Amino acid sequence: MYKNIFGLFTVLLGFICVILMIECIRKRRWGLAIFFLLNAFTNLVNSIHAFFGTLF
C-alpha cells in the first residue's frame with residue numbers, strides 16, 4: 001500500500017513539473033525548463049519503480 005501511495009505522489013509531482021516546464025518555456029527560461037523536464041522524467045521512473053517494483 002505504501003508503494004502505491006508513493007507512486008501516486010510521484011506521478012502528481014511529475015505532472016506539476018510538466019506544468020511548470022511549460023510555463024518556463026513560455027517565459028523563455030530555458031535552463032529552468034530543462035531542470036523541470038529532467039525532474040519530471042525522474043519522477044516518472046520513480047513512479048514506475050513504486051508501482052511495479054522493477055525499473056525496466
# chains A, B, ... in the order shown; residues from 1 in each chain; ligands from 1
call {"tool": "residues_around", "arguments": {"residues": "A:Glu23", "least_positions_apart": "4", "cutoff": "12 Å", "atoms": "only C-alpha atoms", "output": "CSV table (one decimal) with C-alpha atoms, in the first residue's frame"}}
result
chain,number,residue,atom,x,y,z
A,16,ILE,CA,3.3,19.6,-11.6
A,17,CYS,CA,6.8,19.6,-13.1
A,18,VAL,CA,5.4,19.3,-16.6
A,19,ILE,CA,3.1,22.3,-16.0
A,27,LYS,CA,8.7,32.9,-20.4
A,28,ARG,CA,11.8,31.7,-22.3
A,29,ARG,CA,13.6,30.4,-19.3
A,30,TRP,CA,15.3,27.5,-20.9
A,32,LEU,CA,14.7,26.1,-15.6
A,33,ALA,CA,12.6,24.4,-18.2
A,34,ILE,CA,15.3,21.7,-18.8
A,36,PHE,CA,11.8,20.6,-14.7
A,37,LEU,CA,11.9,18.3,-17.6
call {"tool": "residues_around", "arguments": {"residues": "A:Asn43", "least_positions_apart": "4", "cutoff": "12 Å", "atoms": "only C-alpha atoms", "output": "short mmCIF file (atom, residue, chain, number, x, y, z; two decimals) with C-alpha atoms, in the first residue's frame"}}
result
data_model
loop_
_atom_site.label_atom_id
_atom_site.label_comp_id
_atom_site.auth_asym_id
_atom_site.auth_seq_id
_atom_site.Cartn_x
_atom_site.Cartn_y
_atom_site.Cartn_z
CA PHE A 6 4.43 6.84 -3.12
CA GLY A 7 3.77 6.10 -6.79
CA LEU A 8 0.72 8.37 -6.88
CA PHE A 9 2.64 11.11 -5.11
CA THR A 10 5.49 10.95 -7.62
CA VAL A 11 3.04 10.98 -10.54
CA LEU A 12 1.47 14.12 -9.07
CA LEU A 13 4.88 15.75 -8.69
CA GLY A 14 5.77 14.79 -12.25
CA PHE A 15 2.57 16.36 -13.54
CA ILE A 16 3.34 19.56 -11.62
CA CYS A 17 6.84 19.60 -13.10
CA VAL A 18 5.42 19.32 -16.62
CA PHE A 36 11.83 20.64 -14.66
CA LEU A 37 11.91 18.26 -17.64
CA LEU A 38 14.63 16.18 -16.01
CA ASN A 39 12.76 16.25 -12.72
CA SER A 47 6.60 6.02 -10.02
CA ILE A 48 7.19 3.04 -12.33
CA HIS A 49 9.54 1.58 -9.76
CA ALA A 50 6.99 2.13 -6.98
#
call {"tool": "atom_distance", "arguments": {"atom1": "atom CA of A:Met21", "atom2": "atom CA of A:Asn4"}}
result
25.5 Å
